[in-house]
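Asks: Below is query14.cif; it holds mmCIF, C-alpha atoms.
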```cif
data_data
loop_
_atom_site.label_atom_id
_atom_site.label_comp_id
_atom_site.auth_asym_id
_atom_site.auth_seq_id
_atom_site.Cartn_x
_atom_site.Cartn_y
_atom_site.Cartn_z
CA MET S 1 0.00 0.00 0.00
CA SER S 2 1.30 3.46 -0.92
CA ASN S 3 2.13 5.88 1.91
CA LEU S 4 0.11 8.51 0.04
CA PHE S 5 -2.21 9.06 3.01
CA SER S 6 -1.44 10.81 6.29
CA THR S 7 -3.30 10.48 9.60
CA GLN S 8 -5.33 13.54 8.62
CA HIS S 9 -6.31 11.99 5.30
CA ARG S 10 -7.39 8.83 7.09
CA GLN S 11 -9.46 10.77 9.60
CA LEU S 12 -11.42 12.45 6.83
CA GLN S 13 -11.82 9.17 4.96
CA ASP S 14 -13.19 7.53 8.08
CA GLN S 15 -15.57 10.42 8.72
CA HIS S 16 -16.98 9.97 5.21
CA ASP S 17 -16.70 6.16 5.06
CA THR S 18 -14.27 6.26 2.12
CA ARG S 19 -11.18 4.53 3.56
CA ASN S 20 -11.83 1.31 1.63
CA LEU S 21 -12.61 3.26 -1.52
CA ALA S 22 -9.41 5.33 -1.14
CA ASN S 23 -7.38 2.14 -0.72
CA ARG S 24 -8.94 0.54 -3.80
CA VAL S 25 -8.51 3.63 -5.99
CA THR S 26 -4.88 3.88 -4.91
CA GLU S 27 -4.29 0.23 -5.83
CA ILE S 28 -5.78 0.80 -9.27
CA ILE S 29 -4.33 4.14 -10.40
CA VAL S 30 -1.17 5.01 -8.43
CA GLU S 31 2.09 3.86 -10.02
CA ASN S 32 5.75 4.69 -9.47
CA GLN S 33 6.75 4.92 -13.11
CA VAL S 34 5.44 6.16 -16.44
CA ASN S 35 3.41 3.77 -18.55
CA GLU S 36 2.77 4.13 -22.29
CA GLN S 37 -0.48 6.01 -21.77
CA HIS S 38 1.13 8.44 -19.34
CA GLN S 39 4.05 9.06 -21.69
CA ALA S 40 1.90 9.82 -24.72
CA PHE S 41 -0.19 12.28 -22.71
CA ILE S 42 2.70 14.04 -20.95
CA GLU S 43 4.71 14.50 -24.13
CA SER S 44 1.67 15.87 -25.99
CA ARG S 45 1.34 18.79 -23.55
CA ASP S 46 2.73 22.28 -24.08
CA PHE S 47 2.08 23.39 -20.49
CA PHE S 48 1.72 22.06 -16.97
CA PHE S 49 1.37 23.32 -13.41
CA LEU S 50 4.34 22.94 -11.06
CA THR S 51 4.14 23.00 -7.27
CA THR S 52 7.25 23.52 -5.13
CA LEU S 53 7.72 24.30 -1.42
CA ASP S 54 9.49 27.41 -0.18
CA HIS S 55 11.68 27.87 2.89
CA ARG S 56 8.61 28.78 4.98
CA GLY S 57 6.63 25.70 3.97
CA TYR S 58 4.32 27.60 1.62
CA PRO S 59 3.53 25.88 -1.68
CA THR S 60 4.36 27.86 -4.82
CA CYS S 61 2.15 26.90 -7.77
CA SER S 62 3.43 28.01 -11.18
CA TYR S 63 2.24 27.67 -14.74
CA LYS S 64 4.98 26.39 -17.05
CA GLY S 65 4.45 26.79 -20.78
CA GLY S 66 6.45 26.00 -23.91
CA ASN S 67 6.24 23.95 -27.07
CA ILE S 68 4.58 20.56 -27.37
CA GLY S 69 6.94 18.09 -25.75
CA LEU S 70 7.84 20.62 -23.06
CA VAL S 71 8.24 17.74 -20.59
CA ARG S 72 10.23 14.77 -21.79
CA VAL S 73 10.06 11.21 -20.49
CA ILE S 74 13.72 10.26 -20.12
CA ASP S 75 12.97 6.78 -18.81
CA PRO S 76 10.02 5.19 -16.94
CA GLU S 77 11.15 6.81 -13.67
CA THR S 78 12.50 10.17 -14.88
CA LEU S 79 11.01 13.31 -16.41
CA ALA S 80 12.80 16.46 -17.57
CA PHE S 81 11.72 19.98 -18.48
CA PRO S 82 13.44 23.32 -19.22
CA SER S 83 13.49 26.48 -17.13
CA TYR S 84 13.03 29.62 -19.22
CA ASP S 85 13.70 33.28 -18.46
CA GLY S 86 11.28 34.65 -15.87
CA ASN S 87 11.04 37.72 -13.68
CA GLY S 88 14.35 37.16 -11.92
CA MET S 89 12.79 35.88 -8.70
CA PHE S 90 13.58 32.19 -9.37
CA LEU S 91 10.79 31.11 -7.03
CA SER S 92 10.33 27.58 -8.40
CA MET S 93 13.99 26.91 -9.08
CA GLY S 94 15.08 28.36 -5.74
CA ASN S 95 12.48 26.27 -3.95
CA ILE S 96 13.80 23.12 -5.64
CA GLN S 97 17.31 24.01 -4.50
CA GLY S 98 16.03 24.04 -0.93
CA ASN S 99 13.45 21.23 -1.09
CA THR S 100 13.44 18.65 -3.86
CA LYS S 101 9.80 17.61 -3.35
CA ILE S 102 7.60 18.76 -6.24
CA GLY S 103 4.20 18.16 -7.77
CA MET S 104 3.20 18.36 -11.44
CA LEU S 105 -0.28 18.58 -12.91
CA PHE S 106 -0.86 17.94 -16.62
CA ILE S 107 -4.28 18.92 -18.00
CA ASP S 108 -6.05 18.66 -21.34
CA PHE S 109 -8.94 21.11 -21.17
CA GLU S 110 -10.37 20.03 -24.52
CA THR S 111 -10.76 16.29 -23.92
CA PRO S 112 -10.72 16.68 -20.76
CA HIS S 113 -8.05 14.62 -18.98
CA ARG S 114 -5.37 15.05 -16.31
CA VAL S 115 -2.34 13.32 -14.78
CA ARG S 116 -0.58 14.09 -11.50
CA VAL S 117 3.09 13.47 -10.68
CA HIS S 118 4.92 13.60 -7.34
CA GLY S 119 8.69 13.35 -7.26
CA ASP S 120 12.09 14.72 -6.32
CA ALA S 121 13.68 17.31 -8.60
CA ILE S 122 17.18 18.56 -9.28
CA ILE S 123 18.27 21.46 -11.52
CA ASP S 124 21.36 21.63 -13.70
CA LYS S 125 22.56 24.56 -15.83
CA ASP S 126 24.96 22.22 -17.65
CA ASP S 127 22.51 19.38 -18.36
CA PRO S 128 23.19 17.70 -21.73
CA LEU S 129 19.55 18.31 -22.70
CA LEU S 130 19.98 22.08 -22.53
CA PRO S 131 20.87 22.60 -26.24
CA GLU S 132 17.67 20.80 -27.21
CA TYR S 133 15.49 23.49 -25.61
CA GLN S 134 15.86 26.84 -27.37
CA GLY S 135 16.20 29.67 -24.86
CA ALA S 136 16.36 27.51 -21.71
CA ASP S 137 18.79 28.45 -18.95
CA MET S 138 18.66 25.18 -16.98
CA ILE S 139 17.06 21.74 -17.00
CA VAL S 140 14.99 20.19 -14.23
CA ARG S 141 15.00 16.40 -13.85
CA ILE S 142 12.40 14.63 -11.72
CA LYS S 143 12.71 11.22 -10.12
CA ILE S 144 9.12 9.98 -9.97
CA THR S 145 7.65 8.83 -6.67
CA GLU S 146 4.00 8.60 -7.74
CA ILE S 147 2.11 9.14 -10.97
CA PHE S 148 -1.61 8.74 -11.45
CA MET S 149 -4.57 9.80 -13.56
CA ASN S 150 -7.29 11.85 -11.87
CA CYS S 151 -11.02 11.96 -12.49
CA PRO S 152 -11.67 14.86 -14.93
CA ARG S 153 -15.25 15.39 -13.76
CA TYR S 154 -14.85 19.04 -12.73
CA ILE S 155 -12.48 20.16 -15.49
CA HIS S 156 -14.22 22.79 -17.60
CA ARG S 157 -14.02 22.12 -21.33
CA MET S 158 -12.09 25.01 -22.93
CA GLN S 159 -10.66 25.60 -26.38
CA ARG S 160 -7.04 26.46 -27.13
CA ILE S 161 -6.58 29.62 -29.20
CA GLU S 162 -2.89 30.14 -29.88
CA SER S 163 0.63 29.62 -28.53
CA SER S 164 2.40 32.32 -26.56
CA LYS S 165 4.66 34.49 -28.71
CA TYR S 166 7.18 34.50 -25.86
CA VAL S 167 7.98 30.77 -26.08
CA PRO S 168 11.51 30.57 -27.54
CA GLN S 169 11.68 29.19 -31.10
CA ALA S 170 14.66 28.21 -33.20
CA ASP S 171 15.85 30.86 -35.68
CA THR S 172 13.39 33.42 -34.26
CA GLU S 173 14.13 36.31 -31.93
CA THR S 174 12.01 36.01 -28.80
CA PRO S 175 10.27 39.32 -27.96
CA ALA S 176 11.04 40.89 -24.60
CA PRO S 177 8.19 41.00 -22.06
CA GLN S 178 6.44 44.32 -21.55
CA TRP S 179 7.04 44.35 -17.79
CA LYS S 180 10.71 45.08 -18.46
CA ARG S 181 9.56 48.55 -19.57
CA ILE S 182 8.15 49.48 -16.13
CA ASP S 183 9.86 52.65 -14.96
CA ALA S 184 10.14 51.59 -11.31
CA ILE S 185 12.40 48.64 -12.11
CA GLN S 186 14.76 50.19 -14.67
CA ASP S 187 17.65 50.66 -12.25
CA ALA S 188 17.23 47.09 -10.97
CA LEU S 189 17.35 45.31 -14.32
CA PRO S 190 20.39 43.13 -14.99
CA ALA S 191 23.08 44.54 -17.26
CA CYS S 192 21.84 42.56 -20.25
CA ASP S 193 18.46 44.33 -20.08
CA GLN S 194 19.65 47.90 -19.51
CA GLY S 195 18.35 50.17 -22.28
CA LEU S 196 15.72 47.64 -23.32
CA ALA S 197 12.77 49.92 -22.51
CA GLU S 198 13.93 52.54 -24.98
CA LYS S 199 14.23 49.92 -27.71
CA MET S 200 10.67 48.80 -26.97
CA GLY S 201 9.16 52.26 -27.23
CA GLY S 202 9.97 53.81 -23.88
CA SER S 203 9.26 53.13 -20.23
CA ILE S 204 5.75 52.71 -18.83
CA THR S 205 4.16 53.08 -15.40
CA PRO S 206 2.94 50.12 -13.33
CA GLU S 207 -0.61 51.31 -14.02
CA GLN S 208 -0.01 51.28 -17.77
CA TYR S 209 1.40 47.78 -17.51
CA GLY S 210 -1.64 46.69 -15.52
CA ALA S 211 -3.90 48.01 -18.26
CA MET S 212 -1.87 46.11 -20.84
CA LEU S 213 -2.32 42.92 -18.85
CA MET S 214 -6.06 43.39 -18.70
CA ASN S 215 -6.08 43.66 -22.50
CA GLY S 216 -3.93 40.58 -22.93
CA ASP S 217 -0.90 42.58 -24.09
CA GLY S 218 1.50 41.73 -21.28
#
```
Go ahead and render the structure in this file as structure tokens.
Replies:
Amino acid sequence: MSNLFSTQHRQLQDQHDTRNLANRVTEIIVENQVNEQHQAFIESRDFFFLTTLDHRGYPTCSYKGGNIGLVRVIDPETLAFPSYDGNGMFLSMGNIQGNTKIGMLFIDFETPHRVRVHGDAIIDKDDPLLPEYQGADMIVRIKITEIFMNCPRYIHRMQRIESSKYVPQADTETPAPQWKRIDAIQDALPACDQGLAEKMGGSITPEQYGAMLMNGDG
């Protein structure tokens, strides 16, 4: 039996008479490695949700997007995905440095369908996979502890419109994000981004950036 459940989980299961059901569902769906169905689904996704734990114990949930095949199945027990340029905070990557425990949620909103992964992650800026991901600055590898499909009953059916223009592509210059134009952060930008605002049409206020976000122009 998996150690998926804590005392608190068991208390709630007993209160609702679902302990036997929880045990049976676990036996049926929870595995410790990727099967063929999992692999096909994971490698067909161009986004997923990543959960990491910070130094205070708070979970950090992040959306990670890219091209189809963003997450690669290296072997039945190992996944890998790239880390792309963000806002300089390195929340997810820093959390992994301090606590390797992570969660991943893969969703298809059109079918719908979803798969969960729990595992231990490491990051490497010299990983041999790095050249295979245009624009990535490091690679995250996950040793799988548990992987399982989840009931999609409450997933709203939604239609995909288009890919983000900010996802790095081979032989194409990736546009800079509009938030790097905000006037209040100009003196804090790294050297490689100094002068970028002028090239993009000038600096903007936080309020102007907020308006851009509301219009989908961020």
Asks: From the options S:Leu4, S:Ala80, S:Met149, S:Ala170, which residue's atoms come nearest to Asp127 of chain S, counting all atoms listed in the file?
Replies: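 Looking at the shortest contact to Asp127 of chain S, the residue is S:Ala80.
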Asks: What is the distance, in Å and to one decimal place, between atom CA of Ile155 of chain S and atom CA of Leu105 of chain S?
Replies: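 Straight-line distance from atom CA of Ile155 of chain S to atom CA of Leu105 of chain S works out to 12.6 Å.
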Asks: As a list of chain:residue names, please: the residues near Thr26 of chain S (cut-off 12 Å, only C-alpha atoms, same-chain neighbours under 6 positions excluded).
Replies: S:Met1, S:Ser2, S:Asn3, S:Leu4, S:Phe5, S:Thr18, S:Arg19, S:Asn20, S:Asn32, S:Glu146, S:Ile147, S:Phe148, S:Met149, S:Asn150
Asks: Decode the PyMOL selection byres ((chain S and resi 33-50) around 7) for the given file into explicit residues and return them as a PyMOL selection string.
Replies: chain S and resi 31-32+51-52+61-73+76-77+103-107+144+147
Asks: Which is closest to Met212 of chain S among S:Leu129, S:Ile182, S:Met89, S:Leu12, if we use all atoms listed in the file?
Replies: S:Ile182
Asks: Considering only C-alpha atoms, state which residue in the set S:Ser6, S:Thr78, S:Thr60, S:Ser83 is at the smallest distance from Asn95 of chain S.
Replies: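 Using only C-alpha atoms, the shortest distance to Asn95 of chain S belongs to S:Thr60.
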Asks: Separation of atom CA of Gly201 of chain S and atom CA of Ala188 of chain S, in Å?
Replies: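 Value for the atom CA of Gly201 of chain S-atom CA of Ala188 of chain S distance: 18.9 Å.
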Asks: Using only C-alpha atoms, find the one residue out of S:Val167, S:Leu91, S:Leu189, S:Leu21 that sits nearest to Gln134 of chain S.
Replies: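 Distance minimum relative to Gln134 of chain S lands on S:Val167.
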Asks: Rebuild N, CA and C atoms on segment 16-36 of chain S, as a PDB file, keeping the file's coordinate frame?
Replies:
```
ATOM      1  N   HIS S  16     -16.101  10.053   6.378  1.00  0.00           N
ATOM      2  CA  HIS S  16     -16.980   9.970   5.210  1.00  0.00           C
ATOM      3  C   HIS S  16     -17.109   8.545   4.672  1.00  0.00           C
ATOM      4  N   ASP S  17     -16.597   7.570   5.434  1.00  0.00           N
ATOM      5  CA  ASP S  17     -16.700   6.160   5.060  1.00  0.00           C
ATOM      6  C   ASP S  17     -16.087   5.882   3.687  1.00  0.00           C
ATOM      7  N   THR S  18     -14.914   6.482   3.422  1.00  0.00           N
ATOM      8  CA  THR S  18     -14.270   6.260   2.120  1.00  0.00           C
ATOM      9  C   THR S  18     -12.879   5.632   2.242  1.00  0.00           C
ATOM     10  N   ARG S  19     -12.508   5.123   3.413  1.00  0.00           N
ATOM     11  CA  ARG S  19     -11.180   4.530   3.560  1.00  0.00           C
ATOM     12  C   ARG S  19     -10.992   3.357   2.596  1.00  0.00           C
ATOM     13  N   ASN S  20     -11.961   2.465   2.525  1.00  0.00           N
ATOM     14  CA  ASN S  20     -11.830   1.310   1.630  1.00  0.00           C
ATOM     15  C   ASN S  20     -11.791   1.752   0.176  1.00  0.00           C
ATOM     16  N   LEU S  21     -12.606   2.748  -0.154  1.00  0.00           N
ATOM     17  CA  LEU S  21     -12.610   3.260  -1.520  1.00  0.00           C
ATOM     18  C   LEU S  21     -11.256   3.893  -1.855  1.00  0.00           C
ATOM     19  N   ALA S  22     -10.701   4.695  -0.918  1.00  0.00           N
ATOM     20  CA  ALA S  22      -9.410   5.330  -1.140  1.00  0.00           C
ATOM     21  C   ALA S  22      -8.321   4.283  -1.358  1.00  0.00           C
ATOM     22  N   ASN S  23      -8.366   3.214  -0.558  1.00  0.00           N
ATOM     23  CA  ASN S  23      -7.380   2.140  -0.720  1.00  0.00           C
ATOM     24  C   ASN S  23      -7.504   1.490  -2.095  1.00  0.00           C
ATOM     25  N   ARG S  24      -8.733   1.228  -2.523  1.00  0.00           N
ATOM     26  CA  ARG S  24      -8.940   0.540  -3.800  1.00  0.00           C
ATOM     27  C   ARG S  24      -8.528   1.417  -4.977  1.00  0.00           C
ATOM     28  N   VAL S  25      -8.896   2.719  -4.919  1.00  0.00           N
ATOM     29  CA  VAL S  25      -8.510   3.630  -5.990  1.00  0.00           C
ATOM     30  C   VAL S  25      -6.995   3.734  -6.091  1.00  0.00           C
ATOM     31  N   THR S  26      -6.337   3.803  -4.928  1.00  0.00           N
ATOM     32  CA  THR S  26      -4.880   3.880  -4.910  1.00  0.00           C
ATOM     33  C   THR S  26      -4.263   2.644  -5.572  1.00  0.00           C
ATOM     34  N   GLU S  27      -4.805   1.474  -5.245  1.00  0.00           N
ATOM     35  CA  GLU S  27      -4.290   0.230  -5.830  1.00  0.00           C
ATOM     36  C   GLU S  27      -4.424   0.222  -7.345  1.00  0.00           C
ATOM     37  N   ILE S  28      -5.493   0.841  -7.838  1.00  0.00           N
ATOM     38  CA  ILE S  28      -5.780   0.800  -9.270  1.00  0.00           C
ATOM     39  C   ILE S  28      -4.983   1.822 -10.070  1.00  0.00           C
ATOM     40  N   ILE S  29      -4.860   3.063  -9.552  1.00  0.00           N
ATOM     41  CA  ILE S  29      -4.330   4.140 -10.400  1.00  0.00           C
ATOM     42  C   ILE S  29      -2.921   4.608 -10.069  1.00  0.00           C
ATOM     43  N   VAL S  30      -2.462   4.433  -8.819  1.00  0.00           N
ATOM     44  CA  VAL S  30      -1.170   5.010  -8.430  1.00  0.00           C
ATOM     45  C   VAL S  30      -0.024   4.085  -8.823  1.00  0.00           C
ATOM     46  N   GLU S  31       0.910   4.610  -9.605  1.00  0.00           N
ATOM     47  CA  GLU S  31       2.090   3.860 -10.020  1.00  0.00           C
ATOM     48  C   GLU S  31       3.343   4.641  -9.663  1.00  0.00           C
ATOM     49  N   ASN S  32       4.494   3.988  -9.774  1.00  0.00           N
ATOM     50  CA  ASN S  32       5.750   4.690  -9.470  1.00  0.00           C
ATOM     51  C   ASN S  32       6.608   4.879 -10.703  1.00  0.00           C
ATOM     52  N   GLN S  33       6.022   4.657 -11.876  1.00  0.00           N
ATOM     53  CA  GLN S  33       6.750   4.920 -13.110  1.00  0.00           C
ATOM     54  C   GLN S  33       5.761   5.183 -14.240  1.00  0.00           C
ATOM     55  N   VAL S  34       6.262   5.767 -15.293  1.00  0.00           N
ATOM     56  CA  VAL S  34       5.440   6.160 -16.440  1.00  0.00           C
ATOM     57  C   VAL S  34       5.092   4.951 -17.281  1.00  0.00           C
ATOM     58  N   ASN S  35       3.800   4.804 -17.594  1.00  0.00           N
ATOM     59  CA  ASN S  35       3.410   3.770 -18.550  1.00  0.00           C
ATOM     60  C   ASN S  35       3.223   4.413 -19.922  1.00  0.00           C
ATOM     61  N   GLU S  36       2.876   3.614 -20.920  1.00  0.00           N
ATOM     62  CA  GLU S  36       2.770   4.130 -22.290  1.00  0.00           C
ATOM     63  C   GLU S  36       1.700   5.213 -22.408  1.00  0.00           C
TER      64      GLU S  36
END
```
